[in-house]
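Enquirer: Here you go, this is query_24.txt (compact mmCIF, C-alpha atoms (C1' of nucleotides)).
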```txt
# COMPACT_ATOMS: atom_id res chain seq x y z
CA MET A 1 12.47 -29.26 29.08
CA SER A 2 14.15 -28.50 25.80
CA PRO A 3 11.90 -29.48 22.90
CA THR A 4 14.87 -30.18 20.66
CA VAL A 5 15.84 -33.22 22.65
CA ALA A 6 12.49 -34.89 23.12
CA ALA A 7 14.00 -38.32 23.54
CA LYS A 8 12.75 -39.50 20.18
CA THR A 9 10.54 -37.22 18.10
CA ALA A 10 11.60 -33.90 16.73
CA PRO A 11 8.76 -31.45 17.30
CA SER A 12 6.92 -31.19 14.01
CA ARG A 13 4.74 -28.79 15.89
CA SER A 14 6.19 -25.87 17.75
CA THR A 15 5.79 -25.51 21.45
CA ALA A 16 3.97 -22.60 22.99
CA GLU A 17 7.18 -21.41 24.57
CA ALA A 18 8.97 -21.29 21.25
CA GLN A 19 6.10 -19.34 19.74
CA ARG A 20 6.13 -16.93 22.63
CA ALA A 21 9.81 -16.28 21.98
CA LYS A 22 9.27 -15.78 18.29
CA ILE A 23 6.36 -13.44 18.81
CA VAL A 24 8.28 -11.33 21.31
CA SER A 25 11.23 -11.16 18.98
CA ARG A 26 9.10 -9.93 16.12
CA ALA A 27 7.16 -7.64 18.41
CA VAL A 28 10.28 -5.61 19.09
CA THR A 29 10.36 -4.56 15.47
CA VAL A 30 6.65 -4.06 15.05
CA PHE A 31 6.12 -2.04 18.22
CA SER A 32 9.21 0.02 17.49
CA ARG A 33 7.51 1.60 14.49
CA ALA A 34 4.57 3.36 16.08
CA GLY A 35 4.68 2.42 19.74
CA PHE A 36 2.30 0.72 22.09
CA HIS A 37 -0.99 2.51 21.58
CA ALA A 38 -0.72 2.84 17.80
CA THR A 39 0.20 -0.76 17.11
CA PRO A 40 -2.58 -3.32 16.89
CA VAL A 41 -1.91 -6.78 18.22
CA ALA A 42 -2.90 -8.08 14.80
CA ALA A 43 0.20 -6.43 13.34
CA VAL A 44 2.43 -8.34 15.73
CA ALA A 45 0.56 -11.55 15.03
CA GLU A 46 0.98 -11.16 11.31
CA ALA A 47 4.70 -10.47 11.64
CA ALA A 48 5.03 -13.63 13.70
CA GLY A 49 2.93 -15.68 11.32
CA VAL A 50 0.19 -16.58 13.77
CA SER A 51 -3.39 -15.50 14.28
CA PRO A 52 -4.24 -12.58 16.56
CA ALA A 53 -6.33 -14.92 18.69
CA TYR A 54 -3.31 -17.05 19.42
CA VAL A 55 -1.30 -14.08 20.60
CA PHE A 56 -3.99 -13.40 23.16
CA ARG A 57 -3.82 -17.00 24.21
CA LEU A 58 -0.06 -16.84 24.74
CA PHE A 59 0.05 -13.46 26.45
CA PRO A 60 -2.17 -11.89 29.08
CA GLY A 61 -3.56 -9.09 26.96
CA LYS A 62 -1.84 -6.47 24.85
CA VAL A 63 -0.12 -4.96 27.88
CA GLY A 64 1.38 -8.30 28.79
CA LEU A 65 2.71 -8.72 25.28
CA PHE A 66 4.23 -5.26 25.32
CA VAL A 67 5.82 -5.77 28.72
CA ALA A 68 7.39 -9.03 27.57
CA THR A 69 8.66 -7.19 24.51
CA VAL A 70 10.18 -4.38 26.57
CA ASP A 71 11.83 -6.86 28.91
CA HIS A 72 13.33 -8.65 25.95
CA CYS A 73 14.52 -5.36 24.52
CA TYR A 74 16.36 -4.35 27.68
CA ALA A 75 17.87 -7.81 27.96
CA ARG A 76 19.34 -7.42 24.49
CA VAL A 77 20.62 -3.95 25.36
CA CYS A 78 22.31 -5.28 28.49
CA GLU A 79 23.85 -8.07 26.49
CA ALA A 80 25.27 -5.62 23.96
CA LEU A 81 26.69 -3.40 26.69
CA VAL A 82 28.32 -6.30 28.47
CA GLN A 83 29.91 -7.48 25.26
CA GLY A 84 31.08 -3.97 24.50
CA GLY A 85 32.59 -3.65 27.94
CA GLU A 86 34.44 -6.92 27.55
CA THR A 87 36.24 -5.69 24.44
CA ALA A 88 37.96 -3.12 26.64
CA GLY A 89 39.92 -5.85 28.40
CA ALA A 90 41.43 -4.95 31.76
CA ALA A 91 41.23 -1.20 31.41
CA GLY A 92 40.18 1.66 33.66
CA PRO A 93 36.55 2.62 34.25
CA ALA A 94 36.67 5.46 31.74
CA GLU A 95 37.91 3.20 28.95
CA ILE A 96 35.34 0.54 29.70
CA LEU A 97 32.58 3.14 29.67
CA ASP A 98 33.85 4.41 26.34
CA HIS A 99 33.68 0.94 24.89
CA MET A 100 30.17 0.51 26.22
CA THR A 101 29.15 3.82 24.72
CA GLY A 102 30.52 2.65 21.41
CA ALA A 103 28.56 -0.56 21.71
CA TYR A 104 25.38 1.40 22.37
CA VAL A 105 25.94 3.66 19.40
CA ASP A 106 26.42 0.55 17.31
CA LEU A 107 22.98 -0.56 18.41
CA ILE A 108 21.58 2.35 16.44
CA ARG A 109 22.25 0.43 13.26
CA ASP A 110 19.19 -1.59 14.14
CA ARG A 111 16.91 1.24 15.18
CA ASP A 112 14.37 -1.07 16.81
CA LEU A 113 15.89 -1.40 20.26
CA ILE A 114 16.42 2.34 20.55
CA MET A 115 12.96 3.33 19.39
CA LEU A 116 11.21 0.78 21.52
CA GLN A 117 12.76 2.26 24.64
CA VAL A 118 11.27 5.65 23.87
CA HIS A 119 7.88 4.10 23.15
CA ALA A 120 8.11 2.26 26.44
CA GLN A 121 8.87 5.47 28.30
CA SER A 122 5.98 7.13 26.55
CA ALA A 123 3.65 4.35 27.66
CA CYS A 124 4.65 4.66 31.31
CA ASP A 125 1.13 5.77 32.17
CA VAL A 126 0.37 2.04 32.07
CA PRO A 127 1.68 0.83 35.43
CA GLU A 128 2.97 -2.50 34.13
CA VAL A 129 4.95 -0.70 31.46
CA GLN A 130 6.44 1.68 33.99
CA ASP A 131 7.54 -1.31 36.03
CA ALA A 132 9.15 -2.85 32.97
CA VAL A 133 11.02 0.36 32.20
CA ARG A 134 12.25 0.61 35.76
CA ARG A 135 13.37 -3.02 35.67
CA GLY A 136 15.18 -2.47 32.41
CA ILE A 137 16.96 0.71 33.48
CA ALA A 138 17.86 -0.90 36.78
CA ASN A 139 19.50 -3.81 35.03
CA VAL A 140 21.38 -1.54 32.66
CA VAL A 141 22.63 0.74 35.42
CA ARG A 142 23.66 -2.17 37.61
CA ALA A 143 25.45 -3.96 34.79
CA VAL A 144 27.27 -0.84 33.68
CA SER A 145 28.24 0.14 37.20
CA ARG A 146 29.48 -3.31 38.13
CA LEU A 147 31.39 -4.07 34.96
CA SER A 148 32.99 -0.67 34.51
CA GLY A 149 33.59 0.18 38.13
CA ALA A 150 32.88 3.78 37.26
CA ASP A 151 31.54 6.26 39.80
CA ALA A 152 27.88 7.23 39.90
CA ALA A 153 28.36 10.54 38.08
CA SER A 154 30.06 8.82 35.15
CA VAL A 155 27.34 6.21 34.94
CA GLN A 156 24.73 8.93 34.99
CA ARG A 157 26.49 10.67 32.11
CA PHE A 158 26.52 7.36 30.25
CA ILE A 159 22.77 6.98 30.66
CA ALA A 160 22.19 10.58 29.63
CA TYR A 161 24.22 10.00 26.50
CA GLY A 162 22.07 6.98 25.75
CA GLN A 163 18.95 9.06 26.08
CA LEU A 164 20.48 11.54 23.65
CA CYS A 165 20.87 8.71 21.16
CA HIS A 166 17.15 8.05 21.46
CA LEU A 167 16.36 11.61 20.45
CA VAL A 168 18.75 11.49 17.52
CA VAL A 169 17.21 8.28 16.21
CA LEU A 170 13.55 9.13 16.76
CA ALA A 171 13.76 12.57 15.18
CA ASP A 172 16.16 11.16 12.60
CA LEU A 173 18.56 14.04 13.12
CA SER A 174 21.23 12.45 10.99
CA GLY A 175 18.95 13.32 8.10
CA VAL A 176 19.07 17.01 8.99
CA ASN A 177 21.90 19.02 7.55
CA GLU A 178 21.97 21.98 9.88
CA ALA A 179 24.27 23.26 12.57
CA TRP A 180 21.95 22.54 15.48
CA ALA A 181 21.49 18.95 14.35
CA ASP A 182 25.24 18.47 14.17
CA THR A 183 25.57 19.86 17.67
CA VAL A 184 23.06 17.38 19.02
CA SER A 185 24.19 14.31 17.13
CA ASP A 186 27.94 14.81 17.06
CA GLY A 187 29.67 11.51 17.73
CA ILE A 188 26.48 9.57 17.24
CA ARG A 189 26.98 8.04 13.86
CA HIS A 190 23.85 6.73 12.34
CA SER A 191 26.09 4.48 10.23
CA ASP A 192 23.25 4.67 7.76
CA ALA A 193 24.25 1.17 6.78
CA ASN A 194 20.72 0.46 7.79
CA PRO A 195 18.62 -1.45 5.25
CA ARG A 196 15.48 0.47 4.51
CA PRO A 197 12.75 -2.01 3.58
CA MET B 1 -9.31 42.60 22.10
CA SER B 2 -11.61 41.56 24.88
CA PRO B 3 -15.02 40.56 23.52
CA THR B 4 -16.76 41.88 26.62
CA VAL B 5 -15.94 45.45 25.76
CA ALA B 6 -16.75 45.60 22.11
CA ALA B 7 -16.47 49.36 21.67
CA LYS B 8 -14.92 49.56 18.26
CA THR B 9 -11.40 48.03 18.47
CA ALA B 10 -10.49 47.99 14.84
CA PRO B 11 -8.34 44.83 14.60
CA SER B 12 -10.49 43.17 17.23
CA ARG B 13 -8.93 39.79 17.88
CA SER B 14 -11.28 37.03 16.98
CA THR B 15 -12.61 34.87 19.73
CA ALA B 16 -11.67 31.86 17.68
CA GLU B 17 -8.03 32.73 18.12
CA ALA B 18 -8.49 33.01 21.84
CA GLN B 19 -10.18 29.63 21.90
CA ARG B 20 -7.38 28.13 19.90
CA ALA B 21 -4.92 29.40 22.47
CA LYS B 22 -6.95 28.09 25.35
CA ILE B 23 -7.37 24.69 23.74
CA VAL B 24 -3.67 24.38 23.02
CA SER B 25 -2.84 25.41 26.55
CA ARG B 26 -5.11 22.75 28.01
CA ALA B 27 -3.97 20.22 25.45
CA VAL B 28 -0.45 20.32 26.86
CA THR B 29 -1.75 18.90 30.09
CA VAL B 30 -4.17 16.43 28.57
CA PHE B 31 -1.79 15.02 25.98
CA SER B 32 0.99 14.82 28.56
CA ARG B 33 -0.87 12.08 30.43
CA ALA B 34 -1.07 9.34 27.85
CA GLY B 35 0.42 10.80 24.69
CA PHE B 36 -0.84 11.36 21.20
CA HIS B 37 -2.34 8.04 20.21
CA ALA B 38 -3.96 7.25 23.55
CA THR B 39 -5.62 10.62 24.00
CA PRO B 40 -8.95 11.25 22.28
CA VAL B 41 -9.64 14.70 20.96
CA ALA B 42 -12.78 14.67 23.07
CA ALA B 43 -10.61 14.69 26.20
CA VAL B 44 -8.89 17.88 25.08
CA ALA B 45 -12.21 19.41 24.14
CA GLU B 46 -13.69 18.68 27.51
CA ALA B 47 -10.68 20.13 29.32
CA ALA B 48 -11.06 23.29 27.26
CA GLY B 49 -14.81 23.46 27.80
CA VAL B 50 -15.80 23.18 24.15
CA SER B 51 -17.33 20.47 22.02
CA PRO B 52 -15.13 17.98 20.15
CA ALA B 53 -16.62 19.18 16.89
CA TYR B 54 -15.37 22.69 17.50
CA VAL B 55 -11.84 21.48 18.10
CA PHE B 56 -11.92 19.92 14.66
CA ARG B 57 -13.14 23.17 13.24
CA LEU B 58 -10.32 25.15 14.84
CA PHE B 59 -7.55 22.69 14.03
CA PRO B 60 -6.84 20.66 10.93
CA GLY B 61 -7.38 17.23 12.43
CA LYS B 62 -5.95 15.60 15.52
CA VAL B 63 -2.43 15.75 14.16
CA GLY B 64 -2.72 19.48 13.63
CA LEU B 65 -3.89 19.94 17.18
CA PHE B 66 -1.03 17.88 18.53
CA VAL B 67 1.54 19.73 16.44
CA ALA B 68 0.25 23.07 17.68
CA THR B 69 0.48 21.70 21.21
CA VAL B 70 4.05 20.52 20.76
CA ASP B 71 5.06 23.86 19.26
CA HIS B 72 3.56 25.63 22.21
CA CYS B 73 5.35 23.29 24.58
CA TYR B 74 8.77 23.97 23.07
CA ALA B 75 8.07 27.68 23.06
CA ARG B 76 7.45 27.56 26.78
CA VAL B 77 10.59 25.51 27.30
CA CYS B 78 12.65 28.03 25.35
CA GLU B 79 11.15 30.83 27.36
CA ALA B 80 12.08 29.14 30.62
CA LEU B 81 15.63 28.50 29.45
CA VAL B 82 16.11 32.08 28.34
CA GLN B 83 14.85 33.37 31.65
CA GLY B 84 17.11 30.93 33.48
CA GLY B 85 20.09 32.05 31.44
CA GLU B 86 19.37 35.66 32.21
CA THR B 87 19.61 35.09 35.93
CA ALA B 88 23.27 34.25 35.41
CA GLY B 89 24.01 37.85 34.47
CA ALA B 90 27.25 38.47 32.66
CA ALA B 91 28.95 35.20 33.48
CA GLY B 92 30.94 32.64 31.52
CA PRO B 93 29.34 30.01 29.27
CA ALA B 94 29.63 27.31 31.90
CA GLU B 95 27.80 29.37 34.51
CA ILE B 96 25.07 30.33 32.09
CA LEU B 97 24.59 26.70 31.11
CA ASP B 98 24.37 25.77 34.77
CA HIS B 99 21.65 28.31 35.32
CA MET B 100 19.79 27.02 32.29
CA THR B 101 20.09 23.48 33.58
CA GLY B 102 18.66 24.64 36.86
CA ALA B 103 15.79 26.29 35.05
CA TYR B 104 15.06 23.09 33.17
CA VAL B 105 15.10 21.01 36.32
CA ASP B 106 12.66 23.50 37.80
CA LEU B 107 10.35 22.78 34.90
CA ILE B 108 9.96 19.28 36.30
CA ARG B 109 7.71 20.71 38.98
CA ASP B 110 5.04 20.90 36.33
CA ARG B 111 5.57 17.51 34.72
CA ASP B 112 3.49 18.34 31.65
CA LEU B 113 6.13 20.01 29.50
CA ILE B 114 8.61 17.24 30.16
CA MET B 115 6.24 14.39 29.48
CA LEU B 116 4.83 15.93 26.36
CA GLN B 117 8.28 16.06 24.81
CA VAL B 118 8.70 12.33 25.24
CA HIS B 119 5.25 11.68 23.81
CA ALA B 120 6.13 13.87 20.87
CA GLN B 121 9.33 11.94 20.25
CA SER B 122 7.38 8.72 20.47
CA ALA B 123 4.92 9.98 17.87
CA CYS B 124 7.66 10.87 15.41
CA ASP B 125 6.36 8.23 13.02
CA VAL B 126 3.83 10.89 12.09
CA PRO B 127 5.80 13.16 9.77
CA GLU B 128 4.21 16.39 10.96
CA VAL B 129 5.08 15.51 14.53
CA GLN B 130 8.66 14.74 13.60
CA ASP B 131 8.88 18.15 11.98
CA ALA B 132 7.53 19.77 15.11
CA VAL B 133 10.07 17.98 17.28
CA ARG B 134 12.90 19.02 14.99
CA ARG B 135 11.66 22.60 15.04
CA GLY B 136 11.46 22.57 18.81
CA ILE B 137 14.89 21.07 19.37
CA ALA B 138 16.37 23.42 16.80
CA ASN B 139 14.99 26.43 18.65
CA VAL B 140 16.21 25.13 21.99
CA VAL B 141 19.69 24.37 20.72
CA ARG B 142 19.98 27.69 18.94
CA ALA B 143 18.74 29.66 21.93
CA VAL B 144 21.03 27.86 24.34
CA SER B 145 24.05 28.15 22.06
CA ARG B 146 23.53 31.81 21.36
CA LEU B 147 22.73 32.95 24.87
CA SER B 148 25.36 30.89 26.65
CA GLY B 149 28.10 31.12 24.07
CA ALA B 150 29.11 27.60 25.05
CA ASP B 151 30.87 25.27 22.62
CA ALA B 152 28.99 22.53 20.81
CA ALA B 153 30.11 19.74 23.11
CA SER B 154 28.80 21.56 26.17
CA VAL B 155 25.49 22.26 24.49
CA GLN B 156 25.24 18.61 23.54
CA ARG B 157 25.82 17.64 27.16
CA PHE B 158 23.12 20.07 28.17
CA ILE B 159 20.63 18.46 25.80
CA ALA B 160 21.62 15.00 26.96
CA TYR B 161 21.01 16.03 30.55
CA GLY B 162 17.58 17.27 29.54
CA GLN B 163 16.80 13.94 27.98
CA LEU B 164 17.86 12.31 31.21
CA CYS B 165 15.31 14.44 33.04
CA HIS B 166 12.64 13.06 30.74
CA LEU B 167 13.48 9.51 31.77
CA VAL B 168 13.48 10.39 35.44
CA VAL B 169 10.06 12.02 35.18
CA LEU B 170 8.37 9.45 32.96
CA ALA B 171 9.51 6.45 34.96
CA ASP B 172 9.00 8.47 38.13
CA LEU B 173 12.42 7.44 39.42
CA SER B 174 12.23 9.83 42.35
CA GLY B 175 9.68 7.40 43.72
CA VAL B 176 12.17 4.56 43.65
CA ASN B 177 14.37 4.15 46.68
CA GLU B 178 17.21 2.12 45.27
CA ALA B 179 20.83 2.74 44.44
CA TRP B 180 20.42 2.57 40.68
CA ALA B 181 17.62 5.12 40.77
CA ASP B 182 19.79 7.49 42.81
CA THR B 183 22.56 7.08 40.28
CA VAL B 184 20.28 8.05 37.42
CA SER B 185 18.41 10.87 39.09
CA ASP B 186 21.14 12.42 41.19
CA GLY B 187 20.90 16.19 40.99
CA ILE B 188 17.48 15.98 39.41
CA ARG B 189 15.28 16.80 42.32
CA HIS B 190 11.68 16.14 41.69
CA SER B 191 10.99 18.87 44.26
CA ASP B 192 7.92 16.79 44.94
CA ALA B 193 6.24 20.07 45.69
CA ASN B 194 4.07 18.98 42.85
CA PRO B 195 0.33 19.20 43.41
CA ARG B 196 -1.23 15.88 42.60
CA PRO B 197 -4.78 16.51 41.44
C1' DT C 1 -35.84 44.75 9.65
C1' DA C 2 -33.19 41.96 6.55
C1' DT C 3 -28.74 39.94 5.56
C1' DG C 4 -24.46 38.25 6.36
C1' DT C 5 -20.87 36.44 9.44
C1' DT C 6 -18.91 34.08 13.16
C1' DA C 7 -19.07 30.92 17.22
C1' DC C 8 -20.49 26.69 18.43
C1' DT C 9 -22.95 22.03 18.96
C1' DG C 10 -25.74 17.38 18.66
C1' DA C 11 -26.13 13.59 16.14
C1' DT C 12 -24.15 10.47 13.29
C1' DT C 13 -20.98 7.56 10.57
C1' DG C 14 -17.53 4.58 9.14
C1' DG C 15 -13.76 2.35 10.71
C1' DT C 16 -10.60 0.15 13.98
C1' DC C 17 -9.32 -2.80 17.54
C1' DA C 18 -8.94 -5.58 22.09
C1' DG C 19 -10.55 -9.51 23.64
C1' DT C 20 -13.58 -13.90 23.53
C1' DC C 21 -15.46 -18.30 22.14
C1' DA C 22 -16.60 -22.21 19.75
C1' DC C 23 -14.27 -25.01 16.94
C1' DT C 24 -10.64 -27.92 14.27
C1' DT C 25 -6.40 -30.40 14.12
C1' DA C 26 -2.36 -32.69 15.85
C1' DT C 27 0.25 -35.20 19.56
C1' DT C 28 0.75 -37.86 23.58
C1' DT C 29 -0.60 -41.42 26.75
C1' DG C 30 -3.06 -45.46 28.62
C1' DC D 1 -8.18 -47.47 19.48
C1' DA D 2 -9.87 -44.05 22.90
C1' DA D 3 -9.29 -40.34 25.85
C1' DA D 4 -6.90 -36.44 27.11
C1' DT D 5 -4.16 -32.60 26.18
C1' DA D 6 -2.06 -29.00 23.55
C1' DA D 7 -1.63 -26.01 19.25
C1' DG D 8 -3.96 -23.00 16.56
C1' DT D 9 -7.78 -20.35 14.13
C1' DG D 10 -12.18 -17.90 12.09
C1' DA D 11 -15.77 -15.35 13.22
C1' DC D 12 -17.75 -12.36 16.08
C1' DT D 13 -18.72 -8.38 19.51
C1' DG D 14 -18.77 -4.40 22.10
C1' DA D 15 -16.51 -0.28 22.68
C1' DC D 16 -14.25 3.58 21.24
C1' DC D 17 -12.94 7.31 18.32
C1' DA D 18 -11.69 10.64 14.29
C1' DA D 19 -14.05 13.29 11.39
C1' DT D 20 -18.29 15.31 9.19
C1' DC D 21 -22.51 17.74 8.60
C1' DA D 22 -26.53 20.06 9.18
C1' DG D 23 -27.97 23.07 11.92
C1' DT D 24 -28.75 26.94 15.95
C1' DA D 25 -27.67 31.10 18.32
C1' DA D 26 -25.49 35.48 18.81
C1' DC D 27 -23.83 39.50 16.91
C1' DA D 28 -22.71 42.82 13.31
C1' DT D 29 -23.71 45.77 9.37
C1' DA D 30 -26.64 48.22 6.17
```
Now that the file is in, can you turn its structure into structure tokens?
Expert:
Amino acid sequence: MSPTVAAKTAPSRSTAEAQRAKIVSRAVTVFSRAGFHATPVAAVAEAAGVSPAYVFRLFPGKVGLFVATVDHCYARVCEALVQGGETAGAAGPAEILDHMTGAYVDLIRDRDLIMLQVHAQSACDVPEVQDAVRRGIANVVRAVSRLSGADAASVQRFIAYGQLCHLVVLADLSGVNEAWADTVSDGIRHSDANPRP
Amino acid sequence: MSPTVAAKTAPSRSTAEAQRAKIVSRAVTVFSRAGFHATPVAAVAEAAGVSPAYVFRLFPGKVGLFVATVDHCYARVCEALVQGGETAGAAGPAEILDHMTGAYVDLIRDRDLIMLQVHAQSACDVPEVQDAVRRGIANVVRAVSRLSGADAASVQRFIAYGQLCHLVVLADLSGVNEAWADTVSDGIRHSDANPRP
DNA sequence: TATGTTACTGATTGGTCAGTCACTTATTTG
DNA sequence: CAAATAAGTGACTGACCAATCAGTAACATA
């Protein structure tokens, strides 16, 4: 099962599963730049250090690759939220939600996960992508609801606040020094400790 | 004004301007389906009843067309919000904001304006599009702030709620009959009185 | 009637990209 | 070793699409 413990030989050659994981991981970053339709599969392949042909061998078409990427993205988001919620200890729903909100804002430091979610929503005209978005949101809502114990209205506000973060990041409002931009992005620190390669 | 009755009409509005307006109006619908990158200019041209070549003559490239479309979209959104705010009469900020929220939710009936905003955000890697989004949000925030007189935090919540509407529409959550979907889309009635052509 | 201007299009071009296929190379197994 | 299986790629193709250009048709003005 695990290639690391192959009874005797360390895998000098990577397994397909490991490559799939690496490609998906890189794909988060690559797709997050320009989204599904504007990103060629070749760009993902290059970032992962494999040939475009091999990406098509490992994934069922570009849509399949993107769906796997979106799934991975939401999984990482859920993970971050759960961790954030745990730092609240045994507190009330409001406090736990606050901690989760803080954890989500921290995610902005690495813009990729945020931007990819918007690109995924924008590509919802592709049925498989819509399914992936629904899956992802469902997991987030369920995790947040269960771990915080907050009521539906509070969870809805939490999600809305997350969507607001998306706008702030995509339009890069932290780079706008005007009153309206402050109104929109207040409390959403860009941290700006973001390496700009 | 109208080309049918030439008469003399000194500053007779050029037909090109009228065509531009018609194209932009149709473009809102066409671009709202699959977004900027996945929509060929020819699709917009066909919807407007002109040749693709003429669209390129009237607009400075595909990006220019899309920017004009996004501007038009935000203008219509602003208009709807102002009208919604006016129905509140001389009420307090909270009531005016509520009326505006209602007006925005009503916009969902015609999914185009909502979806186009998400597509525009997703295309923010194109600088001109990012500018258009910033312009649009700025106008919305300023209009809402001024007409409602609400404090910044309330306006921010209003914007966040709008972003939540985008998610509900794009992922078509009103078509999902599960608890998490109710949590997210509570209060955001799809009306479902939406003609499906 | 001649001349200019504006609206509008067909045909084309150069480029990009999703997806395929034949092929090479490495590893495992009998 | 031989056969089978898995990893991985270069080269190609067919389709699509943004943008251009050379031109036509209608109308205006003198």
Enquirer: Chain A residues within 8 Å of chain C, counting all atoms listed in the file: which ones, as a PyMOL selection string?
Expert: chain A and resi 40+56+61-62
Enquirer: Between B:Ala21, B:Cys78, B:Ala34, B:Ala53, which is the closest to chain D once you count all atoms listed in the file?
Expert: B:Ala53
Enquirer: Following superposition of chain A onto chain B on all C-alpha atoms, paired in order, what is the C-alpha RMSD to one decimal in Å?
Expert: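 It is 2.2 Å.
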Enquirer: When you get a sec, could you note down which chain A residues fall within 7 Å of chain B, using all atoms listed in the file, as a VMD selection string?
Expert: chain A and resid 33 to 35 37 to 38 118 to 119 121 to 125 130 133 to 134 138 141 to 142 152 156 160 to 161 163 to 164 170 to 171 180 183 to 184
Enquirer: Compile a residue-level contact table for chain A against chain D at a cut-off of 10 Å, reporting for every qualifying residue the shortest atom pair and its distance in Å to one decimal, with all atoms listed in the file counted, rows ordered by chain and ascending number, as JSON lines.
Expert:
```
{"residue": "A:Arg13", "atom": "CA", "partner": "D:DA7", "partner_atom": "C1'", "distance": 7.7}
{"residue": "A:Ser14", "atom": "CA", "partner": "D:DA7", "partner_atom": "C1'", "distance": 8.0}
{"residue": "A:Thr15", "atom": "CA", "partner": "D:DA7", "partner_atom": "C1'", "distance": 7.8}
{"residue": "A:Ala16", "atom": "CA", "partner": "D:DA7", "partner_atom": "C1'", "distance": 7.5}
{"residue": "A:Val50", "atom": "CA", "partner": "D:DG8", "partner_atom": "C1'", "distance": 8.1}
{"residue": "A:Ser51", "atom": "CA", "partner": "D:DT9", "partner_atom": "C1'", "distance": 6.5}
{"residue": "A:Pro52", "atom": "CA", "partner": "D:DT9", "partner_atom": "C1'", "distance": 8.9}
{"residue": "A:Ala53", "atom": "CA", "partner": "D:DT9", "partner_atom": "C1'", "distance": 7.2}
{"residue": "A:Tyr54", "atom": "CA", "partner": "D:DG8", "partner_atom": "C1'", "distance": 6.6}
{"residue": "A:Arg57", "atom": "CA", "partner": "D:DG8", "partner_atom": "C1'", "distance": 9.7}
```
Enquirer: I'd like the neighbourhood of Gly92 in chain B as a ChimeraX atom specification, where a residue qualifies if any of its atoms comes within 10 Å (using all atoms listed in the file), though same-chain residues fewer than 5 positions away should be ignored.
Expert: /B:97,148-150
Enquirer: Convert the current residue selection to file output with C-alpha atoms, as a short mmCIF file (atom, residue, chain, number, x, y, z; two decimals), keeping the file's coordinate frame.
Expert:
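So again09.cif came out as:
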```cif
data_model
loop_
_atom_site.label_atom_id
_atom_site.label_comp_id
_atom_site.auth_asym_id
_atom_site.auth_seq_id
_atom_site.Cartn_x
_atom_site.Cartn_y
_atom_site.Cartn_z
CA LEU B 97 24.59 26.70 31.11
CA SER B 148 25.36 30.89 26.65
CA GLY B 149 28.10 31.12 24.07
CA ALA B 150 29.11 27.60 25.05
#
```
Enquirer: Any idea what the distance is between CA of Tyr74 in chain A and CA of Asp110 in chain A?
Expert: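 Those two atoms sit 14.1 Å apart.
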Enquirer: Mind pulling up the distance from CA of Thr29 in chain B to CA of Asp106 in chain B?
Expert: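 Between CA of Asp106 in chain B and CA of Thr29 in chain B the gap works out to 17.0 Å.
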Enquirer: To one decimal in Å, tell me the separation between CA of Leu147 in chain B and CA of Ser25 in chain B.
Expert: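 So the answer is 26.7 Å.
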Enquirer: Can you pull out the residues contacting Ala43 in chain A? Cut-off 10 Å, using all atoms listed in the file, and skip same-chain residues under 5 positions away; I want them as a count of residues only.
Expert: 8
Enquirer: Could you pull the residues within 8 Å of Cys73 in chain A, counting only C-alpha atoms (C1' of nucleotides), minus those fewer than 3 positions along the same chain, as JSON, numbers by chain?
Expert: {"A": [28, 69, 70, 76, 77, 113, 116, 117]}
